[in-house]
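Student: I have a structure I would like to understand better, so I am pasting it below and will then ask my questions one at a time.
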Amino acid sequence: MSVSLYEASVGRFLQTLGAVSGYLDKGRSHCEENGVDLNEVVETRLYPNMLPFRFQVIQIASHSLGAINGVQAGEYAPPPAPEDLDYQALQDLVVEAQSGLQQLTAEVVVGFAGKEVRTPWWSFTAEGFLLSFSLPSFYFHATTAYDILRTKGVPVGKLDFLGQLSIRT
């Protein structure tokens, strides 16, 4: 079985964005039910020199829809991380990323193969950029956001992180 660039990138982005949306909803419910300030969550860090939850969610969007937009443009640079986004705005970013990716067709994404993508650090082919830079970065930030919610007592587990599995053999 071969896997297309669309399934290897957009398919995985959509699966995990669905999971992120789900665990953000659970996080909101947990915080509201337990009197945890959502603004405190937005600023939570796992370690003093790590960036906060807000940054993690912004990067989830940047390394999914932002990555695809970067491939289309031939250039990717991470966006500035606004410091005024609240929990709802972060949830909206995830929904916007999902919506933007759902608009793509497999044919368009498969057509990116071999296209050059420049970043501030390196140049890649579209495949190299999506699979060796953006996808690992996307998972790193999705995991970190999940872990921050866990430190706040949000009752999420591995199945919440996996989301809806779309490839089963």
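Letters A, B, ... go to the chains of the structure tokens in the order shown; residues in each chain start at 1; ligands are counted from 1 in the same order.
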Which residues come within 9 Å of stretch 5-17 of chain A, counting only C-alpha atoms, excluding same-chain residues fewer than 6 positions away, as an mmCIF file with N, CA and C atoms, in the first residue's frame?
Tutor:
data_model
loop_
_atom_site.group_PDB
_atom_site.id
_atom_site.type_symbol
_atom_site.label_atom_id
_atom_site.label_comp_id
_atom_site.auth_asym_id
_atom_site.auth_seq_id
_atom_site.Cartn_x
_atom_site.Cartn_y
_atom_site.Cartn_z
ATOM 1 N N ILE A 60 0.587 24.702 16.561
ATOM 2 C CA ILE A 60 -0.196 23.601 15.985
ATOM 3 C C ILE A 60 -0.820 24.084 14.672
ATOM 4 N N ALA A 61 -1.401 25.273 14.692
ATOM 5 C CA ALA A 61 -1.996 25.829 13.472
ATOM 6 C C ALA A 61 -0.914 26.173 12.444
ATOM 7 N N HIS A 63 2.030 24.807 11.991
ATOM 8 C CA HIS A 63 2.683 23.654 11.374
ATOM 9 C C HIS A 63 1.708 22.714 10.680
ATOM 10 N N SER A 64 0.446 23.121 10.556
ATOM 11 C CA SER A 64 -0.517 22.345 9.779
ATOM 12 C C SER A 64 -0.970 23.200 8.594
ATOM 13 N N LEU A 65 -2.000 23.990 8.767
ATOM 14 C CA LEU A 65 -2.449 24.848 7.666
ATOM 15 C C LEU A 65 -1.354 25.826 7.246
ATOM 16 N N ILE A 68 1.086 24.045 4.957
ATOM 17 C CA ILE A 68 0.550 23.849 3.601
ATOM 18 C C ILE A 68 0.557 25.172 2.836
ATOM 19 N N VAL A 94 -7.599 26.543 15.943
ATOM 20 C CA VAL A 94 -7.627 25.117 15.594
ATOM 21 C C VAL A 94 -8.757 24.843 14.599
ATOM 22 N N VAL A 95 -9.925 25.406 14.841
ATOM 23 C CA VAL A 95 -11.059 25.231 13.929
ATOM 24 C C VAL A 95 -10.737 25.815 12.553
ATOM 25 N N ALA A 97 -7.772 26.151 11.205
ATOM 26 C CA ALA A 97 -6.801 25.269 10.546
ATOM 27 C C ALA A 97 -7.509 24.049 9.962
ATOM 28 N N GLN A 98 -8.404 23.459 10.733
ATOM 29 C CA GLN A 98 -9.162 22.308 10.229
ATOM 30 C C GLN A 98 -9.948 22.687 8.977
ATOM 31 N N LEU A 101 -7.733 23.202 5.898
ATOM 32 C CA LEU A 101 -7.203 21.940 5.369
ATOM 33 C C LEU A 101 -8.297 21.111 4.693
ATOM 34 N N GLN A 102 -9.503 21.178 5.212
ATOM 35 C CA GLN A 102 -10.609 20.430 4.609
ATOM 36 C C GLN A 102 -10.956 20.936 3.221
ATOM 37 N N LEU A 104 -8.782 21.552 0.928
ATOM 38 C CA LEU A 104 -7.781 21.049 -0.016
ATOM 39 C C LEU A 104 -8.203 19.727 -0.631
ATOM 40 N N THR A 105 -7.806 19.533 -1.870
ATOM 41 C CA THR A 105 -8.019 18.232 -2.492
ATOM 42 C C THR A 105 -6.703 17.453 -2.470
ATOM 43 N N ALA A 106 -6.829 16.159 -2.554
ATOM 44 C CA ALA A 106 -5.635 15.307 -2.597
ATOM 45 C C ALA A 106 -4.792 15.647 -3.821
ATOM 46 N N GLU A 107 -5.437 15.939 -4.935
ATOM 47 C CA GLU A 107 -4.714 16.231 -6.169
ATOM 48 C C GLU A 107 -3.818 17.464 -6.015
ATOM 49 N N VAL A 108 -4.330 18.483 -5.351
ATOM 50 C CA VAL A 108 -3.544 19.698 -5.154
ATOM 51 C C VAL A 108 -2.306 19.391 -4.318
ATOM 52 N N VAL A 109 -2.492 18.677 -3.217
ATOM 53 C CA VAL A 109 -1.364 18.404 -2.315
ATOM 54 C C VAL A 109 -0.362 17.460 -2.961
ATOM 55 N N VAL A 110 -0.829 16.444 -3.640
ATOM 56 C CA VAL A 110 0.080 15.524 -4.337
ATOM 57 C C VAL A 110 0.882 16.294 -5.387
ATOM 58 N N GLY A 111 0.287 17.314 -5.962
ATOM 59 C CA GLY A 111 0.970 18.140 -6.950
ATOM 60 C C GLY A 111 2.110 18.972 -6.387
ATOM 61 N N PHE A 112 2.211 19.073 -5.077
ATOM 62 C CA PHE A 112 3.314 19.810 -4.447
ATOM 63 C C PHE A 112 4.637 19.049 -4.511
ATOM 64 N N ALA A 113 4.591 17.759 -4.785
ATOM 65 C CA ALA A 113 5.791 16.921 -4.749
ATOM 66 C C ALA A 113 6.921 17.550 -5.563
ATOM 67 N N GLU A 127 7.962 17.584 0.157
ATOM 68 C CA GLU A 127 7.874 16.351 0.947
ATOM 69 C C GLU A 127 8.782 16.417 2.172
ATOM 70 N N LEU A 130 7.299 19.008 4.752
ATOM 71 C CA LEU A 130 6.118 18.536 5.470
ATOM 72 C C LEU A 130 6.423 17.355 6.381
ATOM 73 N N LEU A 131 7.205 16.398 5.879
ATOM 74 C CA LEU A 131 7.396 15.157 6.631
ATOM 75 C C LEU A 131 8.539 15.194 7.633
ATOM 76 N N SER A 134 7.669 20.044 9.446
ATOM 77 C CA SER A 134 6.377 20.490 9.970
ATOM 78 C C SER A 134 5.637 19.396 10.738
ATOM 79 N N LEU A 135 5.581 18.197 10.205
ATOM 80 C CA LEU A 135 4.851 17.145 10.920
ATOM 81 C C LEU A 135 5.458 16.860 12.297
ATOM 82 N N PHE A 138 4.613 19.841 14.474
ATOM 83 C CA PHE A 138 3.174 19.791 14.761
ATOM 84 C C PHE A 138 2.889 18.832 15.915
ATOM 85 N N TYR A 139 3.440 17.626 15.847
ATOM 86 C CA TYR A 139 3.217 16.643 16.921
ATOM 87 C C TYR A 139 3.848 17.093 18.233
ATOM 88 N N ALA A 142 1.451 19.694 19.644
ATOM 89 C CA ALA A 142 0.194 19.060 20.046
ATOM 90 C C ALA A 142 0.384 18.264 21.338
ATOM 91 N N PHE A 161 -5.765 11.938 22.580
ATOM 92 C CA PHE A 161 -4.670 12.463 21.759
ATOM 93 C C PHE A 161 -4.711 11.896 20.340
ATOM 94 N N LEU A 162 -5.058 10.628 20.206
ATOM 95 C CA LEU A 162 -5.071 10.004 18.883
ATOM 96 C C LEU A 162 -6.183 10.529 17.989
ATOM 97 N N GLY A 163 -7.296 10.906 18.572
ATOM 98 C CA GLY A 163 -8.411 11.385 17.754
ATOM 99 C C GLY A 163 -9.027 10.260 16.954
ATOM 100 N N GLN A 164 -9.738 10.633 15.921
ATOM 101 C CA GLN A 164 -10.403 9.668 15.066
ATOM 102 C C GLN A 164 -9.385 9.047 14.109
ATOM 103 N N LEU A 165 -9.108 7.769 14.281
ATOM 104 C CA LEU A 165 -8.149 7.098 13.405
ATOM 105 C C LEU A 165 -8.769 6.899 12.041
ATOM 106 N N SER A 166 -8.033 7.279 11.006
ATOM 107 C CA SER A 166 -8.598 7.173 9.644
ATOM 108 C C SER A 166 -7.964 6.057 8.816
#
Student: Pull the helix (DSSP H, G or I) assignments for chain A out of DSSP run on the backbone, and list those residues as an NGL selection string.
Tutor: :A and (5-34 or 38-42 or 53-62 or 65-73 or 87-102 or 106-110 or 126-151 or 158-162)
Student: Apply DSSP to the structure's backbone, then extract all residues of stretch 83-135 of chain A labelled strand (DSSP E) and return them as a short mmCIF file (atom, residue, chain, number, x, y, z; two decimals) with N, CA, C and O atoms, in the first residue's frame.
Tutor:
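Output (selection26.cif):
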data_model
loop_
_atom_site.label_atom_id
_atom_site.label_comp_id
_atom_site.auth_asym_id
_atom_site.auth_seq_id
_atom_site.Cartn_x
_atom_site.Cartn_y
_atom_site.Cartn_z
N GLU A 116 10.13 23.35 -4.28
CA GLU A 116 11.06 23.89 -3.29
C GLU A 116 10.30 24.73 -2.26
O GLU A 116 9.41 25.51 -2.61
N VAL A 117 10.68 24.57 -0.99
CA VAL A 117 10.14 25.37 0.10
C VAL A 117 11.32 25.94 0.87
O VAL A 117 12.15 25.19 1.38
N ARG A 118 11.38 27.25 0.94
CA ARG A 118 12.45 27.91 1.70
C ARG A 118 11.93 28.28 3.08
O ARG A 118 10.78 28.67 3.25
N SER A 123 16.36 25.02 3.05
CA SER A 123 15.44 24.80 1.93
C SER A 123 15.14 23.32 1.86
O SER A 123 15.99 22.49 2.21
N PHE A 124 13.96 22.99 1.45
CA PHE A 124 13.47 21.62 1.39
C PHE A 124 12.73 21.40 0.09
O PHE A 124 12.30 22.35 -0.55
N THR A 125 12.46 20.14 -0.21
CA THR A 125 11.37 19.83 -1.13
C THR A 125 10.10 19.88 -0.29
O THR A 125 10.15 19.82 0.95
#
Student: Name all residues at most 7 Å from stretch 77-86 of chain A (count only C-alpha atoms; drop same-chain ones fewer than 5 positions away) and give them as a ChimeraX atom specification.
Tutor: /A:39,42,55,58,62,119-120
Student: Pick from A:Leu46, A:Ala67, A:Ile148, A:Ala89: nearest to A:Ser132, with only C-alpha atoms counted?
Tutor: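 Closest residue, counting only C-alpha atoms: A:Ala67.
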Student: Between A:Glu32, A:Lys115, A:Arg54, A:Tyr76, which has the minimum distance to A:Phe133 (counting only C-alpha atoms)?
Tutor: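 Under the stated criterion, the closest residue is A:Tyr76.
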Student: Report, in Å with one decimal, the straight-line distance from atom CA of A:Gln56 to atom CA of A:Ser4.
Tutor: 27.5 Å
